[in-house]
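With mmCIF, C-alpha atoms inside, this is input-v6.cif:
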data_entry
#
loop_
_atom_site.label_atom_id
_atom_site.label_comp_id
_atom_site.auth_asym_id
_atom_site.auth_seq_id
_atom_site.Cartn_x
_atom_site.Cartn_y
_atom_site.Cartn_z
CA MET A 431 207.79 4.31 -89.94
CA TYR A 432 207.51 3.05 -93.52
CA PRO A 433 210.28 4.80 -95.49
CA GLU A 434 209.89 2.38 -98.40
CA ILE A 435 206.83 0.88 -100.09
CA PHE A 436 207.28 -2.84 -100.85
CA GLY A 437 210.86 -2.33 -99.68
CA VAL A 438 211.76 -0.61 -102.94
CA ILE A 439 209.90 2.68 -103.59
CA ASP A 440 210.65 5.70 -101.42
CA SER A 441 207.36 6.51 -99.68
CA TYR A 442 208.11 10.22 -99.23
CA SER A 443 208.74 10.60 -102.97
CA VAL A 444 205.45 8.84 -103.72
CA MET A 445 203.53 11.21 -101.46
CA LEU A 446 205.37 14.19 -102.94
CA LEU A 447 204.40 13.06 -106.44
CA LEU A 448 200.76 12.60 -105.40
CA GLY A 449 200.79 16.08 -103.92
CA VAL A 450 202.17 17.62 -107.11
CA ILE A 451 199.64 15.79 -109.30
CA SER A 452 196.77 16.82 -107.01
CA SER A 453 197.80 20.47 -107.04
CA LEU A 454 198.06 20.53 -110.84
CA VAL A 455 194.67 18.84 -111.18
CA LEU A 456 193.12 21.45 -108.88
CA LEU A 457 194.69 24.24 -110.90
CA PHE A 458 193.39 22.69 -114.13
CA LEU A 459 189.84 22.33 -112.74
CA TYR A 460 189.81 25.92 -111.52
CA LEU A 461 191.00 27.28 -114.85
CA LYS A 462 188.39 25.20 -116.69
CA HIS A 463 185.79 26.52 -114.23
CA LEU A 464 186.76 30.04 -115.31
CA GLN A 465 186.57 28.95 -118.95
CA TYR A 466 190.15 29.74 -119.86
CA ASP A 467 191.22 28.49 -123.25
CA SER A 468 193.58 25.53 -123.59
CA LYS A 469 196.63 27.64 -124.51
CA ILE A 470 196.53 29.63 -121.29
CA ILE A 471 195.85 26.49 -119.24
CA LEU A 472 198.88 24.74 -120.73
CA ASP A 473 201.08 27.78 -120.09
CA LEU A 474 199.99 27.94 -116.45
CA LEU A 475 200.37 24.20 -115.91
CA LEU A 476 203.89 24.42 -117.37
CA SER A 477 204.64 27.29 -114.99
CA GLY A 478 203.29 25.18 -112.14
CA ILE A 479 205.59 22.28 -113.02
CA VAL A 480 208.58 24.62 -113.15
CA ALA A 481 207.58 26.08 -109.78
CA VAL A 482 207.34 22.60 -108.25
CA PHE A 483 210.80 21.69 -109.54
CA PHE A 484 212.49 24.79 -108.16
CA GLY A 485 210.42 24.53 -105.00
CA VAL A 486 211.94 21.10 -104.31
CA VAL A 487 215.42 22.42 -105.16
CA PHE A 488 215.10 25.37 -102.79
CA ALA A 489 213.55 23.18 -100.08
CA CYS A 490 216.67 21.03 -100.21
CA LEU A 491 219.07 24.01 -100.37
CA PHE A 492 217.41 25.79 -97.45
CA GLN A 493 217.60 22.65 -95.32
CA ASN A 494 221.26 22.16 -96.15
CA LEU A 495 222.03 25.81 -95.45
CA TYR A 496 220.31 25.53 -92.09
CA GLU A 497 222.19 22.37 -91.15
CA PHE A 498 225.50 23.87 -92.26
CA CYS A 499 224.91 26.97 -90.11
CA GLN A 500 224.00 24.77 -87.16
CA ASN A 501 227.02 22.43 -87.36
CA PRO A 502 229.54 23.49 -90.05
CA SER A 503 232.20 21.09 -88.80
CA THR A 504 230.00 17.99 -89.08
CA TYR A 505 227.86 19.08 -92.04
CA LYS A 506 227.07 16.55 -94.75
CA PHE A 507 224.82 17.14 -97.72
CA THR A 508 221.30 15.80 -97.27
CA PHE A 509 218.24 15.44 -99.48
CA ALA A 510 215.96 16.44 -96.61
CA LEU A 511 213.44 19.17 -97.43
CA THR A 512 212.00 22.13 -95.55
CA PHE A 513 208.55 23.49 -96.38
CA TYR A 514 209.35 27.19 -96.08
CA GLY A 515 212.31 26.85 -98.43
CA GLY A 516 210.08 25.07 -100.92
CA LEU A 517 207.38 27.72 -100.58
CA PHE A 518 209.88 30.49 -101.25
CA GLY A 519 211.47 28.75 -104.24
CA GLY A 520 208.13 27.75 -105.71
CA VAL A 521 206.55 31.19 -105.41
CA VAL A 522 209.57 33.06 -106.78
CA SER A 523 210.02 30.71 -109.75
CA PHE A 524 206.29 30.83 -110.57
CA LEU A 525 206.31 34.63 -110.48
CA LEU A 526 209.31 34.71 -112.81
CA MET A 527 207.55 32.34 -115.20
CA TYR A 528 204.43 34.48 -115.03
CA PHE A 529 206.07 37.83 -115.77
CA PHE A 530 208.55 36.62 -118.37
CA TYR A 531 206.44 33.96 -120.09
CA VAL A 532 202.73 33.75 -119.24
CA LYS A 533 201.95 37.48 -119.12
CA LYS A 534 203.75 38.20 -122.39
CA ARG A 535 201.77 35.49 -124.16
CA ASN A 536 198.36 35.88 -122.51
CA GLY A 537 198.11 39.25 -120.78
CA ALA A 538 197.55 40.02 -117.09
CA ILE A 539 195.81 37.14 -115.27
CA MET A 540 197.57 37.36 -111.91
CA GLY A 541 194.34 37.82 -109.94
CA ASP A 542 192.92 34.40 -110.78
CA ILE A 543 196.30 32.75 -110.21
CA LEU A 544 196.56 34.18 -106.70
CA ILE A 545 193.05 32.96 -105.93
CA ALA A 546 193.85 29.40 -107.03
CA ALA A 547 197.38 29.12 -105.62
CA PRO A 548 196.56 28.52 -101.93
CA MET A 549 194.42 25.42 -102.46
CA CYS A 550 197.09 24.02 -104.76
CA ILE A 551 199.74 24.63 -102.09
CA THR A 552 197.73 23.16 -99.22
CA ILE A 553 196.81 19.90 -100.94
CA ALA A 554 200.40 19.31 -102.04
CA HIS A 555 201.63 20.14 -98.54
CA ALA A 556 199.10 17.75 -96.99
CA PHE A 557 200.42 14.82 -99.01
CA GLY A 558 203.94 15.93 -98.16
CA ARG A 559 203.14 15.69 -94.44
CA ILE A 560 201.88 12.15 -94.92
CA GLY A 561 205.24 11.50 -96.57
CA CYS A 562 206.95 12.88 -93.47
CA PHE A 563 204.95 10.46 -91.32
CA LEU A 564 205.91 7.50 -93.48
CA ALA A 565 209.55 8.57 -93.53
CA GLY A 566 209.60 8.94 -89.74
CA CYS A 567 210.56 12.61 -89.54
CA CYS A 568 208.87 15.74 -88.12
CA TYR A 569 207.49 13.68 -85.21
CA GLY A 570 206.01 14.99 -81.99
CA LYS A 571 206.80 14.61 -78.31
CA GLU A 572 206.60 11.33 -76.46
CA THR A 573 203.12 10.53 -75.17
CA THR A 574 201.10 7.76 -73.56
CA MET A 575 197.78 9.11 -74.84
CA TRP A 576 195.52 7.07 -77.14
CA TYR A 577 196.43 9.18 -80.18
CA GLY A 578 200.12 8.42 -79.80
CA ILE A 579 201.77 6.22 -82.44
CA TYR A 580 204.72 3.93 -81.82
CA PHE A 581 207.76 4.87 -83.92
CA PRO A 582 210.13 1.88 -84.20
CA ILE A 583 213.11 4.11 -84.98
CA LEU A 584 212.52 5.98 -81.71
CA GLU A 585 211.31 2.94 -79.75
CA LYS A 586 208.51 4.96 -78.15
CA LYS A 587 205.04 6.39 -78.77
CA VAL A 588 204.99 9.97 -79.99
CA ILE A 589 202.40 12.55 -81.03
CA PRO A 590 201.82 12.16 -84.80
CA THR A 591 202.18 15.88 -85.53
CA GLN A 592 202.66 15.07 -89.22
CA LEU A 593 199.20 13.51 -89.43
CA PHE A 594 197.63 16.33 -87.41
CA GLU A 595 199.07 18.83 -89.87
CA ALA A 596 198.01 16.74 -92.87
CA ILE A 597 194.42 16.61 -91.57
CA PHE A 598 194.43 20.36 -90.99
CA LEU A 599 195.75 21.01 -94.50
CA PHE A 600 193.19 18.72 -96.13
CA ILE A 601 190.39 20.51 -94.25
CA LEU A 602 191.84 23.88 -95.23
CA THR A 603 192.00 22.71 -98.86
CA ILE A 604 188.31 21.78 -98.77
CA VAL A 605 187.41 25.16 -97.27
CA LEU A 606 189.45 27.02 -99.89
CA ILE A 607 187.89 24.99 -102.72
CA PHE A 608 184.40 25.70 -101.39
CA ILE A 609 184.78 29.46 -100.96
CA THR A 610 186.59 29.73 -104.29
CA PHE A 611 184.27 27.72 -106.51
CA ARG A 612 181.00 28.42 -104.68
CA PHE A 613 181.38 32.03 -103.53
CA LYS A 614 184.17 33.31 -105.82
CA PHE A 615 186.04 34.54 -102.75
CA LYS A 616 189.16 36.44 -103.79
CA TYR A 617 191.30 36.71 -100.67
CA THR A 618 192.16 33.04 -100.37
CA PHE A 619 195.85 33.79 -99.93
CA ASN A 620 195.07 35.79 -96.80
CA ILE A 621 192.94 32.96 -95.42
CA TYR A 622 195.75 30.52 -96.13
CA LEU A 623 198.57 32.58 -94.61
CA LEU A 624 196.55 33.52 -91.54
CA SER A 625 195.28 30.02 -90.74
CA TYR A 626 198.47 28.14 -91.56
CA SER A 627 200.81 30.52 -89.74
CA ILE A 628 198.73 30.24 -86.56
CA PHE A 629 198.40 26.46 -86.81
CA ARG A 630 202.09 25.94 -87.57
CA PHE A 631 203.16 28.21 -84.71
CA LEU A 632 201.02 26.24 -82.24
CA ILE A 633 201.80 22.72 -83.42
CA GLU A 634 205.52 23.43 -83.18
CA PHE A 635 205.12 23.24 -79.38
CA LEU A 636 204.19 19.57 -79.81
CA ARG A 637 207.11 18.63 -82.07
CA ASP A 638 210.21 16.97 -80.72
CA ASP A 639 212.47 16.29 -83.71
CA PRO A 640 215.81 18.17 -83.70
CA ARG A 641 215.34 21.47 -85.56
CA GLY A 642 217.39 23.96 -83.59
CA GLY A 643 215.98 26.92 -81.69
CA PHE A 644 215.67 30.67 -81.61
CA LEU A 645 216.59 32.45 -78.38
CA SER A 646 215.90 29.08 -76.66
CA ILE A 647 212.17 29.85 -76.93
CA PHE A 648 210.89 29.52 -80.46
CA SER A 649 211.80 27.15 -83.27
CA PRO A 650 212.91 28.48 -86.68
CA SER A 651 209.53 27.47 -88.11
CA GLN A 652 207.73 29.48 -85.44
CA MET A 653 209.69 32.59 -86.36
CA ARG A 654 208.84 32.06 -90.03
CA SER A 655 205.20 31.60 -89.04
CA LEU A 656 205.28 34.92 -87.25
CA GLY A 657 206.75 36.44 -90.40
CA LEU A 658 203.91 35.05 -92.53
CA PHE A 659 201.35 36.31 -90.03
CA ILE A 660 202.78 39.83 -90.20
CA ILE A 661 203.22 39.81 -93.98
CA ASN A 662 199.56 38.88 -94.33
CA ILE A 663 198.47 42.39 -93.30
CA PRO A 664 200.21 44.43 -96.03
CA LEU A 665 199.48 41.61 -98.50
CA TYR A 666 195.75 42.10 -97.98
CA PHE A 667 195.95 45.77 -98.92
CA PHE A 668 198.23 45.00 -101.85
CA LEU A 669 195.75 42.48 -103.21
CA ARG A 670 192.78 44.72 -102.56
CA TYR A 671 194.11 47.90 -104.15
CA TYR A 672 196.58 46.71 -106.78
CA ILE A 673 195.47 43.24 -107.89
CA PHE A 674 191.68 43.13 -107.42
CA LYS A 675 191.28 46.93 -107.46
CA ASP A 676 188.42 46.90 -104.96
CA LYS A 677 189.13 50.51 -103.99
CA VAL A 678 187.10 51.67 -106.98
CA GLY A 679 184.54 48.89 -106.79
CA VAL A 680 185.77 47.29 -109.97
CA GLU A 681 185.96 43.54 -110.30
CA ASP A 682 189.15 42.15 -111.72
CA GLU A 683 187.91 41.04 -115.14
CA ASN A 684 190.86 39.02 -116.35
CA LYS A 685 191.53 38.31 -119.97
CA ARG A 686 190.72 34.83 -121.04
#

Please express what this file holds, its structure, as structure tokens.
Amino acid sequence: MYPEIFGVIDSYSVMLLLGVISSLVLLFLYLKHLQYDSKIILDLLLSGIVAVFFGVVFACLFQNLYEFCQNPSTYKFTFALTFYGGLFGGVVSFLLMYFFYVKKRNGAIMGDILIAAPMCITIAHAFGRIGCFLAGCCYGKETTMWYGIYFPILEKKVIPTQLFEAIFLFILTIVLIFITFRFKFKYTFNIYLLSYSIFRFLIEFLRDDPRGGFLSIFSPSQMRSLGLFIINIPLYFFLRYYIFKDKVGVEDENKR
């Protein structure tokens, strides 16, 4: 669609940068809302920046690994990114930063981090999907319906699945912000994994860009969505009994 802004700036990179800035701003506002001191906030923002960097690296590596496994004889390195690779790399690197840096300096504050993380992920992902639309990737099936958008590179109208997903993620971000700030809801990660895994599984049926398949039925992203859906069940009990300690009716009073 519009891979470059003013014919010079890469539009996907711009959207990615906006997503990162938005997620860090959300994290900052949430930590200020909880009245954390500036030292802890800076440590967590630094951890967030590190997580974003390694998330992008892993998103690129996962995509290249996938393309190599699909066609090893014709494989060429690409800077294309995959969300699930980025999610994995970002989460793992943030956890490492937390246990080896943040926790040693500030004590255990994992509960509040896990509450804030989903809305930071969704808003960054939403901007990323707009970047996909501008770059002309992750498009949907051909359609003649009113909501179809003409893609010059394809020379046909297709379903703008990127924009549908971006809208969903922005709405989900608003919901997560509301239940977090207004009601102090703790299980935001479960809401995020449940809603996104279902949405992603369903919208994959509308996509038409080449992504390979699984048993000629499901796409790789649909299988990962099923994995997130299943993981969500034990994660709920882990958060309840080991992070928030609700089994004894004790609120997780984190050190600030």

Just say which residues the PyMOL selection byres ((chain A and resi 480) around 12) picks in this file, as a ChimeraX atom specification. /A:450,454,473-479,481-487,519-528,531

Residues in the PyMOL selection byres ((chain A and resi 596) around 9), expressed as JSON, numbers by chain: {"A": [553, 555, 556, 557, 558, 559, 560, 591, 592, 593, 594, 595, 597, 598, 599, 600, 601]}

Please compute the atom CA of A:Asp638-atom CA of A:Gly578 distance, one decimal, in Å. 13.3 Å

Mind listing as a PyMOL selection string all residues within 7 Å of (198.9, 30.5, -124.9), counting all atoms listed in the file? chain A and resi 469-470+473+535-536

Using all atoms listed in the file, determine which residues lie at most 12 Å from A:Leu658, disregarding the query and same-chain residues fewer than 4 positions distant; provide the list as number ranges by chain. A: 514, 517-518, 619-631, 651-654, 662-665

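Interatomic distance, atom CA of A:Ala565 against atom CA of A:Phe507: 18.0 Å.
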
Residue IDs satisfying the PyMOL selection byres ((chain A and resi 639) around 12), as a count of residues only: 24

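With distances taken from (209.5, 8.8, -96.3) and restricted to only C-alpha atoms, the residues inside 6 Å are A:Pro433, A:Ser441, A:Tyr442, A:Gly561, A:Cys562, A:Leu564, A:Ala565.
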
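Shortest atom-to-atom contact with A:Gln500 among A:Pro650, A:Phe613, A:Trp576, A:Asp542: A:Pro650, counting all atoms listed in the file.
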
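Put simply, atom CA of A:Phe674 is 13.9 Å away from atom CA of A:Ala546.
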
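Distances to A:Ala554 were evaluated for A:Leu495, A:Leu456, A:Ile660, A:Leu606 using all atoms listed in the file, and the minimum falls at A:Leu456.
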
The centre and edge lengths of an axis-aligned box containing all atoms of stretch 619-624 of chain A present in the file, extended by 4 Å on each side, are to be given in Å to one decimal, as lines of an AutoDock Vina configuration file.
center_x = 195.8
center_y = 33.2
center_z = -95.7
size_x = 13.6
size_y = 13.3
size_z = 16.4
